[in-house]
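Written out below as structure tokens is the structure these notes cover.
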Amino acid sequence: MILTLTPNPSLDKTVELDAPLAPGAVQRAVRTSTEPGGKGVNISRALVAAGQETLAVLPGDDTDPVLTALTQLRVPHRGLSLSEALRTNITVTDPAGTTTKINEPGPAFDEVRTEALLALALDAAEGASWAALAGSLPPGVPVDFYAQVIGRLRRNLGPEAPQIALDSSGPALARAVAAEPELIKPNGEELLELVTLLTGSSPRFPDGRTMEPEELESRPAEVLRLVHIAQDHGVRTTLVTLGAHGALLVPDRPGDEVLRAWGPELLARSTVGAGDASLAGLLLAAQQGQGPAGQLRQAAAQGRAAAALPGSVMPTPDDLDLDVVVVETLSD
């Protein structure tokens with residue numbers, strides 16, 4: 001079983017336009033969709049779509065639209081009652097694949113709520129092979145929350161503790177690195193931010209220029225260099241999703257192969273949840289006993305399939321095209 005923990009879930013509303021977003025103008029949507037969201041929630045949804053056993057842990061009342069939607073989708077979950085509504089996030093997509101997101105902060109937490117959510121996750125984790133800790137932290141939750149979860153899981157469950165996959169950003173990710181999760185999954189922008197926080201300086205290209213996420217994603221050798229810098233500060237295995245440029249899987253053991261996955265050009269319908277689908281694909285393949293190449297191929301295929309679907313719809317096996325994904329060794 002794969003556990004997911006989403007401290008700051010959301011109801012994700014996606015608005016599709018038939019023309020580029022024009023700030024200040026009045027535009028009509030051609031389609032709208034609403035799904036339960038948040039990184040961990042999306043991972044569990046993708047795992048359910050693939051037929052993998054999972055359990056989603058998140059705050060929220062049983063009557064909240066996020067949790068009722070999970071029930072309708074038959075996603076097993078445990079919620080922490082808050083007696084207030086979860087946040088709503090709005091995504092606007094256009095025909096060119098450009099995605100604009102507006103995310104609400106989420107309900108505020110105090111020490112009591114925080115400890116209750118941690119305890120709920122610890123109780124649910126028994127018997128899990130992986131625990132995916134994912135997403136932003138709601139207001140009031142301490143920045144080292146994920147580090148606390150990792151430490152408590154390992155102390156409480158000992159050798160039976162699940163392996164940890166972490167998908168977050170900013171200080172929450174940087175603080176959790178010290179707890180040594182087995183896997184992290186940043187995108188290019190999140191990797192840049194992580195290295196900046198770990199080293200205290202902004203990374204630059206060899207010619208001295210400031211690194212920008214879009215250019216970085218097209219330069220896998222530079223992505224690998226940043227991952228190695230992060231690994232010098234405690235980061236272990238890293239799956240870096242690079243949008244249209246595929247993904248890298250960088251092991252934490254020196255001498256193991258660094259793998260790159262890529263595929264033919266794809267017109268993205270919505271990139272919301274594509275990274276979450278990628279992590280779900282890797283965890284699914286790992287659960288099935290596949291090696292690194294198979295894990296990366298599954299991750300890339302699921303990310304591509306999710307990007308081709310509307311809103312944050314998670315792909316089923318019928319949506320995947322594993323054959324178009326190329327996995328190759330990337331030299332240092």
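Labeling convention for the structure tokens: chains A, B, ... as they appear, residues from 1 per chain, ligands from 1 in order of appearance.
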Go through region 189-213 of chain A and flag each residue having an atom no more than 12 Å from region 227-235 of chain A; for those, report the closest pair of atoms plus their distance in Å to one decimal, using only C-alpha atoms, ordered by chain and rising number, as JSON lines.
{"residue": "A:Glu190", "atom": "CA", "partner": "A:Val227", "partner_atom": "CA", "distance": 11.2}
{"residue": "A:Leu191", "atom": "CA", "partner": "A:Val227", "partner_atom": "CA", "distance": 7.6}
{"residue": "A:Leu192", "atom": "CA", "partner": "A:Val227", "partner_atom": "CA", "distance": 9.3}
{"residue": "A:Glu193", "atom": "CA", "partner": "A:Ala230", "partner_atom": "CA", "distance": 10.6}
{"residue": "A:Leu194", "atom": "CA", "partner": "A:Ala230", "partner_atom": "CA", "distance": 7.5}
{"residue": "A:Val195", "atom": "CA", "partner": "A:Ala230", "partner_atom": "CA", "distance": 5.8}
{"residue": "A:Thr196", "atom": "CA", "partner": "A:Ala230", "partner_atom": "CA", "distance": 9.4}
{"residue": "A:Leu197", "atom": "CA", "partner": "A:Ala230", "partner_atom": "CA", "distance": 9.8}
{"residue": "A:Leu198", "atom": "CA", "partner": "A:His233", "partner_atom": "CA", "distance": 6.9}
{"residue": "A:Thr199", "atom": "CA", "partner": "A:His233", "partner_atom": "CA", "distance": 8.3}
{"residue": "A:Gly200", "atom": "CA", "partner": "A:His233", "partner_atom": "CA", "distance": 11.8}
{"residue": "A:Ser201", "atom": "CA", "partner": "A:Ile229", "partner_atom": "CA", "distance": 11.8}
{"residue": "A:Pro203", "atom": "CA", "partner": "A:Ile229", "partner_atom": "CA", "distance": 9.9}
Check: Do you know which residues are at most 10 Å from Arg175 (chain A) counting only C-alpha atoms, after dropping those on the same chain fewer than 4 positions away, and could you put them as a list of chain:residue names?
Finding: A:Val143, A:Asp144, A:Phe145, A:Tyr146, A:Ala147, A:Gln148, A:Ser169, A:Gly170, A:Pro171, A:Ala179, A:Glu180, A:Leu194, A:Leu197, A:Leu198
Check: region 29-36 of chain A: which residues within 7 Å, counting only C-alpha atoms, same-chain residues fewer than 6 positions away excluded, as a PyMOL selection string?
Finding: chain A and resi 10-18+66+69-70+311-312
Item checked: Nearby residues (only C-alpha atoms) at most 6 Å from Gly97 (chain A), same-chain spacing under 2 positions excluded, as number ranges by chain -> A: 94-95, 268-269
Any chance you can output those residues with all heavy atoms as an mmCIF file, in the first residue's frame?
data_model
loop_
_atom_site.group_PDB
_atom_site.id
_atom_site.type_symbol
_atom_site.label_atom_id
_atom_site.label_comp_id
_atom_site.auth_asym_id
_atom_site.auth_seq_id
_atom_site.Cartn_x
_atom_site.Cartn_y
_atom_site.Cartn_z
ATOM 1 N N ASP A 94 -5.126 27.608 -21.831
ATOM 2 C CA ASP A 94 -5.501 28.073 -23.166
ATOM 3 C C ASP A 94 -5.020 27.072 -24.209
ATOM 4 O O ASP A 94 -4.312 26.113 -23.877
ATOM 5 C CB ASP A 94 -4.987 29.495 -23.424
ATOM 6 C CG ASP A 94 -3.464 29.574 -23.512
ATOM 7 O OD1 ASP A 94 -2.818 28.562 -23.831
ATOM 8 O OD2 ASP A 94 -2.921 30.670 -23.260
ATOM 9 N N PRO A 95 -5.379 27.251 -25.477
ATOM 10 C CA PRO A 95 -5.048 26.249 -26.499
ATOM 11 C C PRO A 95 -3.555 26.032 -26.710
ATOM 12 O O PRO A 95 -3.147 24.975 -27.210
ATOM 13 C CB PRO A 95 -5.703 26.815 -27.766
ATOM 14 C CG PRO A 95 -6.794 27.692 -27.281
ATOM 15 C CD PRO A 95 -6.274 28.295 -26.015
ATOM 16 N N ALA A 268 0.351 20.064 -24.702
ATOM 17 C CA ALA A 268 -0.251 19.907 -23.382
ATOM 18 C C ALA A 268 -1.607 20.588 -23.331
ATOM 19 O O ALA A 268 -1.750 21.741 -23.734
ATOM 20 C CB ALA A 268 0.664 20.487 -22.316
ATOM 21 N N ARG A 269 -2.586 19.858 -22.826
ATOM 22 C CA ARG A 269 -3.911 20.437 -22.630
ATOM 23 C C ARG A 269 -3.991 21.108 -21.259
ATOM 24 O O ARG A 269 -4.610 22.147 -21.108
ATOM 25 C CB ARG A 269 -4.963 19.337 -22.745
ATOM 26 C CG ARG A 269 -6.394 19.843 -22.744
ATOM 27 C CD ARG A 269 -7.356 18.749 -23.131
ATOM 28 N NE ARG A 269 -8.730 19.196 -23.076
ATOM 29 C CZ ARG A 269 -9.773 18.412 -23.325
ATOM 30 N NH1 ARG A 269 -9.575 17.143 -23.670
ATOM 31 N NH2 ARG A 269 -10.993 18.892 -23.260
#
Next item on the list: Skip region 313-326 of chain A itself and residues of its chain fewer than 6 positions away, then list as a PyMOL selection string all residues within 6 Å of it, counting only C-alpha atoms.
Entry: chain A and resi 46+49-50+261-263+301+305-306
Next, the residues of the selection above should be written as a tab-separated table (two decimals), in the first residue's frame with all heavy atoms.
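Result saved to selection_5.tsv:
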chain	number	residue	atom	x	y	z
A	46	ALA	N	-4.10	9.07	-9.04
A	46	ALA	CA	-3.39	8.40	-10.14
A	46	ALA	C	-3.15	6.93	-9.82
A	46	ALA	O	-3.25	6.07	-10.71
A	46	ALA	CB	-2.07	9.11	-10.41
A	49	ALA	N	-6.37	5.06	-10.27
A	49	ALA	CA	-6.64	4.90	-11.70
A	49	ALA	C	-5.81	3.78	-12.31
A	49	ALA	O	-6.22	3.14	-13.28
A	49	ALA	CB	-6.38	6.22	-12.44
A	50	ALA	N	-4.62	3.53	-11.71
A	50	ALA	CA	-3.74	2.48	-12.21
A	50	ALA	C	-3.99	1.13	-11.53
A	50	ALA	O	-3.31	0.15	-11.84
A	50	ALA	CB	-2.29	2.89	-12.01
A	261	ALA	N	14.65	10.52	-19.36
A	261	ALA	CA	13.52	10.08	-20.17
A	261	ALA	C	13.01	11.26	-21.00
A	261	ALA	O	12.94	12.39	-20.50
A	261	ALA	CB	12.39	9.55	-19.29
A	262	TRP	N	12.65	10.98	-22.24
A	262	TRP	CA	12.08	12.01	-23.10
A	262	TRP	C	11.20	11.33	-24.14
A	262	TRP	O	11.23	10.12	-24.31
A	262	TRP	CB	13.17	12.86	-23.77
A	262	TRP	CG	14.16	12.08	-24.58
A	262	TRP	CD1	15.28	11.45	-24.13
A	262	TRP	CD2	14.10	11.82	-25.99
A	262	TRP	NE1	15.92	10.81	-25.17
A	262	TRP	CE2	15.22	11.03	-26.33
A	262	TRP	CE3	13.20	12.19	-27.00
A	262	TRP	CZ2	15.47	10.59	-27.62
A	262	TRP	CZ3	13.46	11.75	-28.29
A	262	TRP	CH2	14.58	10.98	-28.59
A	263	GLY	N	10.39	12.12	-24.81
A	263	GLY	CA	9.50	11.59	-25.82
A	263	GLY	C	9.20	12.64	-26.87
A	263	GLY	O	9.70	13.77	-26.80
A	301	ALA	N	5.74	8.42	-18.80
A	301	ALA	CA	4.51	8.11	-19.55
A	301	ALA	C	3.29	8.65	-18.83
A	301	ALA	O	2.37	9.20	-19.46
A	301	ALA	CB	4.39	6.60	-19.75
A	305	ALA	N	0.77	11.59	-20.20
A	305	ALA	CA	-0.66	11.31	-20.34
A	305	ALA	C	-1.49	12.32	-19.56
A	305	ALA	O	-2.53	12.79	-20.04
A	305	ALA	CB	-0.96	9.89	-19.88
A	306	ALA	N	-1.04	12.67	-18.36
A	306	ALA	CA	-1.79	13.64	-17.55
A	306	ALA	C	-1.82	15.01	-18.22
A	306	ALA	O	-2.84	15.71	-18.20
A	306	ALA	CB	-1.18	13.74	-16.15
Item checked: Selected residue of minimal separation from Thr4 (chain A) among A:Pro162, A:Pro220, A:Pro105, A:Pro213, counting only C-alpha atoms ->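 Smallest separation from Thr4 (chain A) among the options: A:Pro162.
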Notebook entry, point to check: Could you name the residues that touch Leu283 (chain A) at 10 Å or less, counting only C-alpha atoms, but leaving out those on the same chain fewer than 6 positions away, as a PyMOL selection string?
Noted result: chain A and resi 2+43+47+52+129-132+165+277+289-290+295-296+298-299
Note to self: Could you check the closest approach to Leu137 (chain A) for each of A:Gly303, A:Pro59, A:Gly275, A:Pro264 and tell me which residue wins, using only C-alpha atoms?
What the structure shows: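 Between A:Gly303, A:Pro59, A:Gly275, A:Pro264, the residue approaching Leu137 (chain A) most closely is A:Pro59.
Remark: for Thr99 (chain A), the closest of the candidate residues A:Val250, A:Leu82, A:Leu173, A:Leu21 is A:Leu21 (distances computed over only C-alpha atoms).
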